[in-house]
Amino acid sequence: MWEKVAETVEFIQKTVNCTPDYGVILGSGLGGFVNDIEVEYKLAYKDIPNFPISTVEGHEGALLFGSIGNKKVMAMQGRFHYYEGYDMKQVTFPVRVMKQLGINKLVVSNASGGVNPSFKVGDVMLITDHVNMMPEHPLRGSNDVRFGPRFVNMSEPYSKSMNAKVRAIAKENKIDLKEGVYLALQGPTFETLAEYRMVKAVGADCVGMSTVPEVIVAKHMNMDCIGVSIITDMGDEENIEEVNHQEVLEAAKKAEPIVRKLIKEFILTY
Ligand code: HPA
């Protein structure tokens with residue numbers, strides 16, 4: 001793995017004259033964030049050695065390098081999901097690459113189903129913690145200490161000081177920012193009513209199919225993370241509606257300007 005990451009990093013450094021400070025993973029319907037970046041280089045995943053290729057509608061596959069104000073960013077336009085058939089090492093490979101490119105701050109976004117009854121479709125939730133219920137762990141197997149320790153401390157998966165900054169930005173901009181715990185299941189089915197009930201009983205506020213593996217691997221390498229989730233549907237029993245991928249994308253699109261504003265201001269001012 002170390003050598004593969006090094007090969008990919010070498011290719012990127014040869015191709016792209018940019019040393020980013022922030023890594024951003026753009027989730028469902030958040031592709032519009034690219035308009036906030038002054039893009040200097042765009043590398044299609046298919047042209048990057050060792051990179052998997054994204055297959056889901058709404059997820060374009062490219063790495064973008066550029067600036068937001070005087071900050072240098074690398075953004076993943078489209079991520080890799082476990083349900084697509086990739087293993088967890090593939091899902092999290094780009095985060096390894098980010099770290100070796102010198103990135104220590106990771107911003108992740110996603111769409112999720114809300115189970116907290118005070119949430120509604122279109123809400124934006126700051127992820128304060130997560131529950132990992134994915135069936136495979138990205139750090140399973142032999143550990144390469146060049147990346148990080150065998151046993152990773154997960155007491156602060158999402159950075160408290162970065163979260164404080166996001167809250168302040170929300171307040172300044174009168175954004176009604178929810179907060180809560182994100183629970184990861186493998187998908188690709190949306191949850192049954194009983195499963196949404198389980199998610200709630202376990203203590204989570206929303207459920208989705210991504211993010212947790214990437215944050216685990218980021219923490220393995222001692223990166224600081226924030227996560228923002230768009231509530232695209234409700235698994236709340238009183239208000240449950242039939243959910244489909246199109247609706248998820250549409251709800252995510254509606255909340256997109258808010259998430260863009262939060263992430264942009266965060267990167268500009270943190
Ligand atoms: N469940 C799981 N993943 C999701 C959902 C959901 O309800 N909405 C968007 N991603």
# chains A, B, ... in the order shown; residues from 1 in each chain; ligands from 1
$ residues_near_ligand --ligand "ligand 1" --cutoff "6 Å" --atoms "only C-alpha atoms and all ligand atoms" --output "PyMOL selection string"
chain A and resi 111-113+190-191+207-209+232-233+248
$ residues_around --residues "Met125 in chain A" --least-positions-apart "4" --cutoff "12 Å" --atoms "only C-alpha atoms" --output "NGL selection string"
:A and (108-114 or 116 or 118-121 or 129 or 163 or 166-167 or 170 or 175-182 or 205-207 or 226-232 or 255 or 258-259 or 262)
$ closest_residue --among "A:Lys261, A:Lys99, A:Lys4, A:Lys105" --to "Ile48 in chain A" --atoms "only C-alpha atoms"
A:Lys4
$ atom_distance --atom1 "CA of Thr15 in chain A" --atom2 "CA of Tyr41 in chain A"
8.6 Å
$ select_by_dssp --residues "range 49-176 of chain A" --states "alpha helix (DSSP H)" --output "list in words"
Met88, Lys89, Gln90, Val91, Phe93, Pro94, Val95, Arg96, Val97, Met98, Lys99, Gln100, Lys160, Ser161, Met162, Asn163, Ala164, Lys165, Val166, Arg167, Ala168, Ile169, Ala170, Lys171 and Glu172 of chain A
$ closest_residue --among "A:Asp224, A:Asp21, A:Glu265, A:Glu84" --to "Gly102 in chain A" --atoms "only C-alpha atoms"
A:Asp21
$ atom_distance --atom1 "CA of Ser67 in chain A" --atom2 "CA of Met1 in chain A"
29.1 Å
$ residues_around --residues "Ile37 in chain A" --least-positions-apart "5" --cutoff "9 Å" --atoms "only C-alpha atoms" --output "ChimeraX atom specification"
/A:64-69,73,75,264
$ write_last_selection --atoms "all heavy atoms" --output "CSV table (one decimal), in the first residue's frame"
chain,number,residue,atom,x,y,z
A,64,LEU,N,-9.6,17.5,-8.2
A,64,LEU,CA,-9.4,18.9,-8.6
A,64,LEU,C,-8.4,19.6,-7.7
A,64,LEU,O,-8.4,19.3,-6.5
A,64,LEU,CB,-10.7,19.7,-8.4
A,64,LEU,CG,-12.0,19.1,-9.1
A,64,LEU,CD1,-13.2,19.8,-8.7
A,64,LEU,CD2,-11.8,19.1,-10.6
A,65,PHE,N,-7.5,20.4,-8.3
A,65,PHE,CA,-6.5,21.1,-7.5
A,65,PHE,C,-6.7,22.6,-7.8
A,65,PHE,O,-6.8,23.0,-9.0
A,65,PHE,CB,-5.1,20.7,-7.9
A,65,PHE,CG,-4.8,19.2,-7.5
A,65,PHE,CD1,-5.2,18.2,-8.3
A,65,PHE,CD2,-4.2,18.9,-6.3
A,65,PHE,CE1,-5.0,16.9,-8.0
A,65,PHE,CE2,-3.9,17.6,-5.9
A,65,PHE,CZ,-4.3,16.6,-6.8
A,66,GLY,N,-6.7,23.4,-6.8
A,66,GLY,CA,-6.9,24.8,-7.0
A,66,GLY,C,-6.9,25.6,-5.7
A,66,GLY,O,-6.5,25.2,-4.7
A,67,SER,N,-7.5,26.8,-5.8
A,67,SER,CA,-7.5,27.7,-4.7
A,67,SER,C,-8.9,28.2,-4.3
A,67,SER,O,-9.8,28.3,-5.2
A,67,SER,CB,-6.7,29.0,-4.9
A,67,SER,OG,-5.7,28.7,-5.8
A,68,ILE,N,-9.1,28.4,-3.0
A,68,ILE,CA,-10.2,29.2,-2.5
A,68,ILE,C,-9.6,30.4,-1.8
A,68,ILE,O,-8.9,30.2,-0.8
A,68,ILE,CB,-11.1,28.4,-1.6
A,68,ILE,CG1,-11.7,27.2,-2.4
A,68,ILE,CG2,-12.2,29.2,-1.0
A,68,ILE,CD1,-12.6,26.3,-1.6
A,69,GLY,N,-9.7,31.6,-2.3
A,69,GLY,CA,-8.9,32.7,-1.8
A,69,GLY,C,-7.5,32.4,-1.8
A,69,GLY,O,-6.9,31.9,-2.9
A,73,VAL,N,-6.5,23.9,-2.2
A,73,VAL,CA,-7.3,22.7,-1.9
A,73,VAL,C,-7.2,21.6,-2.9
A,73,VAL,O,-6.9,21.9,-4.1
A,73,VAL,CB,-8.8,23.1,-1.8
A,73,VAL,CG1,-9.1,24.1,-0.7
A,73,VAL,CG2,-9.4,23.6,-3.1
A,75,ALA,N,-9.8,18.6,-4.2
A,75,ALA,CA,-11.2,18.2,-4.0
A,75,ALA,C,-11.4,16.9,-4.7
A,75,ALA,O,-11.0,16.8,-5.9
A,75,ALA,CB,-12.2,19.2,-4.4
A,264,LYS,N,-16.9,26.8,2.2
A,264,LYS,CA,-16.0,27.9,1.6
A,264,LYS,C,-15.5,28.8,2.7
A,264,LYS,O,-14.3,29.1,2.8
A,264,LYS,CB,-16.8,28.6,0.6
A,264,LYS,CG,-16.1,29.7,-0.2
A,264,LYS,CD,-16.9,30.4,-1.2
A,264,LYS,CE,-16.2,31.6,-1.7
A,264,LYS,NZ,-17.1,32.5,-2.5
$ residues_around --residues "Met76 in chain A" --least-positions-apart "6" --cutoff "8 Å" --atoms "only C-alpha atoms" --output "PyMOL selection string"
chain A and resi 23-26+61-64
$ write_last_selection --atoms "N, CA and C atoms" --output "PDB file, in the first residue's frame"
ATOM      1  N   GLY A  23      -8.135  18.945   2.109  1.00  0.00           N
ATOM      2  CA  GLY A  23      -8.746  17.939   1.252  1.00  0.00           C
ATOM      3  C   GLY A  23     -10.254  18.026   1.429  1.00  0.00           C
ATOM      4  N   VAL A  24     -10.988  17.949   0.321  1.00  0.00           N
ATOM      5  CA  VAL A  24     -12.450  18.030   0.400  1.00  0.00           C
ATOM      6  C   VAL A  24     -13.036  16.846  -0.374  1.00  0.00           C
ATOM      7  N   ILE A  25     -13.942  16.120   0.271  1.00  0.00           N
ATOM      8  CA  ILE A  25     -14.638  15.032  -0.427  1.00  0.00           C
ATOM      9  C   ILE A  25     -16.081  15.463  -0.644  1.00  0.00           C
ATOM     10  N   LEU A  26     -16.454  15.598  -1.902  1.00  0.00           N
ATOM     11  CA  LEU A  26     -17.781  16.105  -2.246  1.00  0.00           C
ATOM     12  C   LEU A  26     -18.760  14.952  -2.404  1.00  0.00           C
ATOM     13  N   GLY A  61     -16.061  11.519 -11.548  1.00  0.00           N
ATOM     14  CA  GLY A  61     -14.802  11.059 -10.987  1.00  0.00           C
ATOM     15  C   GLY A  61     -13.611  11.891 -11.388  1.00  0.00           C
ATOM     16  N   ALA A  62     -13.235  12.855 -10.572  1.00  0.00           N
ATOM     17  CA  ALA A  62     -12.023  13.635 -10.857  1.00  0.00           C
ATOM     18  C   ALA A  62     -11.456  14.253  -9.588  1.00  0.00           C
ATOM     19  N   LEU A  63     -10.152  14.400  -9.597  1.00  0.00           N
ATOM     20  CA  LEU A  63      -9.471  15.152  -8.544  1.00  0.00           C
ATOM     21  C   LEU A  63      -9.245  16.566  -9.048  1.00  0.00           C
ATOM     22  N   LEU A  64      -9.598  17.536  -8.226  1.00  0.00           N
ATOM     23  CA  LEU A  64      -9.421  18.933  -8.603  1.00  0.00           C
ATOM     24  C   LEU A  64      -8.386  19.567  -7.686  1.00  0.00           C
TER      25      LEU A  64
END
$ residues_around --residues "range 145-156 of chain A" --least-positions-apart "2" --cutoff "10 Å" --atoms "only C-alpha atoms" --output "PyMOL selection string"
chain A and resi 1-2+96+99-100+128-130+139-143+158-160+215-222+224-225
$ residues_around --residues "Pro213 in chain A" --least-positions-apart "3" --cutoff "8 Å" --atoms "only C-alpha atoms" --output "PDB file with N, CA and C atoms, in the first residue's frame"
ATOM      1  N   MET A  88     -12.486  -1.788   1.315  1.00  0.00           N
ATOM      2  CA  MET A  88     -12.283  -0.579   2.122  1.00  0.00           C
ATOM      3  C   MET A  88     -10.922   0.080   1.873  1.00  0.00           C
ATOM      4  N   VAL A  91     -11.692   2.199  -1.120  1.00  0.00           N
ATOM      5  CA  VAL A  91     -12.577   3.313  -0.741  1.00  0.00           C
ATOM      6  C   VAL A  91     -11.761   4.452  -0.119  1.00  0.00           C
ATOM      7  N   THR A  92     -10.757   4.075   0.668  1.00  0.00           N
ATOM      8  CA  THR A  92     -10.022   5.077   1.450  1.00  0.00           C
ATOM      9  C   THR A  92      -8.668   5.449   0.835  1.00  0.00           C
ATOM     10  N   HIS A 137     -13.652  -3.290   7.997  1.00  0.00           N
ATOM     11  CA  HIS A 137     -12.927  -2.147   8.575  1.00  0.00           C
ATOM     12  C   HIS A 137     -11.718  -1.799   7.703  1.00  0.00           C
ATOM     13  N   PRO A 138     -11.541  -0.518   7.401  1.00  0.00           N
ATOM     14  CA  PRO A 138     -10.432  -0.156   6.500  1.00  0.00           C
ATOM     15  C   PRO A 138      -9.046  -0.411   7.081  1.00  0.00           C
ATOM     16  N   SER A 210     -21.472   6.234   3.595  1.00  0.00           N
ATOM     17  CA  SER A 210     -20.102   6.663   3.258  1.00  0.00           C
ATOM     18  C   SER A 210     -19.418   7.271   4.475  1.00  0.00           C
ATOM     19  N   ILE A 216     -12.013   7.302   9.392  1.00  0.00           N
ATOM     20  CA  ILE A 216     -11.173   6.366  10.156  1.00  0.00           C
ATOM     21  C   ILE A 216      -9.744   6.383   9.616  1.00  0.00           C
ATOM     22  N   VAL A 217      -9.614   6.324   8.308  1.00  0.00           N
ATOM     23  CA  VAL A 217      -8.277   6.301   7.703  1.00  0.00           C
ATOM     24  C   VAL A 217      -7.575   7.650   7.907  1.00  0.00           C
TER      25      VAL A 217
END
$ select_by_dssp --residues "range 160-256 of chain A" --states "strand (DSSP E)" --output "VMD selection string"
chain A and resid 177 to 184 206 to 208 224 to 234
$ decode --residues "range 241-266 of chain A" --atoms "N, CA and C atoms" --output "mmCIF file, in the first residue's frame"
data_model
loop_
_atom_site.group_PDB
_atom_site.id
_atom_site.type_symbol
_atom_site.label_atom_id
_atom_site.label_comp_id
_atom_site.auth_asym_id
_atom_site.auth_seq_id
_atom_site.Cartn_x
_atom_site.Cartn_y
_atom_site.Cartn_z
ATOM 1 N N GLU A 241 -41.276 8.746 4.251
ATOM 2 C CA GLU A 241 -41.802 8.762 2.887
ATOM 3 C C GLU A 241 -40.989 7.745 2.120
ATOM 4 N N GLU A 242 -41.493 7.399 0.961
ATOM 5 C CA GLU A 242 -40.700 6.496 0.134
ATOM 6 C C GLU A 242 -39.494 7.255 -0.387
ATOM 7 N N VAL A 243 -38.342 6.662 -0.211
ATOM 8 C CA VAL A 243 -37.127 7.365 -0.602
ATOM 9 C C VAL A 243 -36.518 6.693 -1.837
ATOM 10 N N ASN A 244 -36.051 7.520 -2.756
ATOM 11 C CA ASN A 244 -35.300 6.970 -3.891
ATOM 12 C C ASN A 244 -34.111 7.880 -4.203
ATOM 13 N N HIS A 245 -33.216 7.393 -5.058
ATOM 14 C CA HIS A 245 -31.953 8.100 -5.298
ATOM 15 C C HIS A 245 -32.191 9.485 -5.896
ATOM 16 N N GLN A 246 -33.201 9.598 -6.766
ATOM 17 C CA GLN A 246 -33.502 10.880 -7.406
ATOM 18 C C GLN A 246 -33.882 11.931 -6.358
ATOM 19 N N GLU A 247 -34.734 11.512 -5.421
ATOM 20 C CA GLU A 247 -35.158 12.439 -4.358
ATOM 21 C C GLU A 247 -33.980 12.866 -3.493
ATOM 22 N N VAL A 248 -33.109 11.904 -3.233
ATOM 23 C CA VAL A 248 -31.918 12.209 -2.434
ATOM 24 C C VAL A 248 -31.092 13.280 -3.138
ATOM 25 N N LEU A 249 -30.908 13.101 -4.455
ATOM 26 C CA LEU A 249 -30.106 14.066 -5.217
ATOM 27 C C LEU A 249 -30.778 15.435 -5.239
ATOM 28 N N GLU A 250 -32.119 15.449 -5.400
ATOM 29 C CA GLU A 250 -32.837 16.730 -5.461
ATOM 30 C C GLU A 250 -32.772 17.469 -4.122
ATOM 31 N N ALA A 251 -32.975 16.735 -3.034
ATOM 32 C CA ALA A 251 -32.911 17.365 -1.706
ATOM 33 C C ALA A 251 -31.507 17.880 -1.430
ATOM 34 N N ALA A 252 -30.508 17.105 -1.854
ATOM 35 C CA ALA A 252 -29.111 17.512 -1.648
ATOM 36 C C ALA A 252 -28.820 18.781 -2.440
ATOM 37 N N LYS A 253 -29.352 18.849 -3.635
ATOM 38 C CA LYS A 253 -29.141 20.011 -4.514
ATOM 39 C C LYS A 253 -29.697 21.277 -3.851
ATOM 40 N N LYS A 254 -30.869 21.140 -3.228
ATOM 41 C CA LYS A 254 -31.511 22.303 -2.595
ATOM 42 C C LYS A 254 -30.679 22.844 -1.439
ATOM 43 N N ALA A 255 -30.072 21.936 -0.683
ATOM 44 C CA ALA A 255 -29.285 22.368 0.479
ATOM 45 C C ALA A 255 -27.862 22.739 0.079
ATOM 46 N N GLU A 256 -27.521 22.459 -1.164
ATOM 47 C CA GLU A 256 -26.134 22.650 -1.610
ATOM 48 C C GLU A 256 -25.580 24.050 -1.351
ATOM 49 N N PRO A 257 -26.324 25.129 -1.641
ATOM 50 C CA PRO A 257 -25.751 26.468 -1.417
ATOM 51 C C PRO A 257 -25.333 26.699 0.032
ATOM 52 N N ILE A 258 -26.084 26.120 0.978
ATOM 53 C CA ILE A 258 -25.763 26.302 2.396
ATOM 54 C C ILE A 258 -24.458 25.586 2.734
ATOM 55 N N VAL A 259 -24.344 24.368 2.273
ATOM 56 C CA VAL A 259 -23.127 23.597 2.558
ATOM 57 C C VAL A 259 -21.923 24.241 1.865
ATOM 58 N N ARG A 260 -22.141 24.715 0.650
ATOM 59 C CA ARG A 260 -21.056 25.392 -0.067
ATOM 60 C C ARG A 260 -20.561 26.598 0.714
ATOM 61 N N LYS A 261 -21.513 27.381 1.200
ATOM 62 C CA LYS A 261 -21.171 28.581 1.972
ATOM 63 C C LYS A 261 -20.353 28.206 3.224
ATOM 64 N N LEU A 262 -20.843 27.202 3.954
ATOM 65 C CA LEU A 262 -20.160 26.762 5.175
ATOM 66 C C LEU A 262 -18.732 26.319 4.885
ATOM 67 N N ILE A 263 -18.586 25.470 3.888
ATOM 68 C CA ILE A 263 -17.269 24.892 3.599
ATOM 69 C C ILE A 263 -16.326 25.958 3.059
ATOM 70 N N LYS A 264 -16.864 26.803 2.200
ATOM 71 C CA LYS A 264 -16.028 27.861 1.622
ATOM 72 C C LYS A 264 -15.512 28.805 2.717
ATOM 73 N N GLU A 265 -16.425 29.275 3.569
ATOM 74 C CA GLU A 265 -16.025 30.197 4.643
ATOM 75 C C GLU A 265 -15.065 29.503 5.611
ATOM 76 N N PHE A 266 -15.318 28.241 5.857
ATOM 77 C CA PHE A 266 -14.436 27.489 6.756
ATOM 78 C C PHE A 266 -13.011 27.480 6.207
#
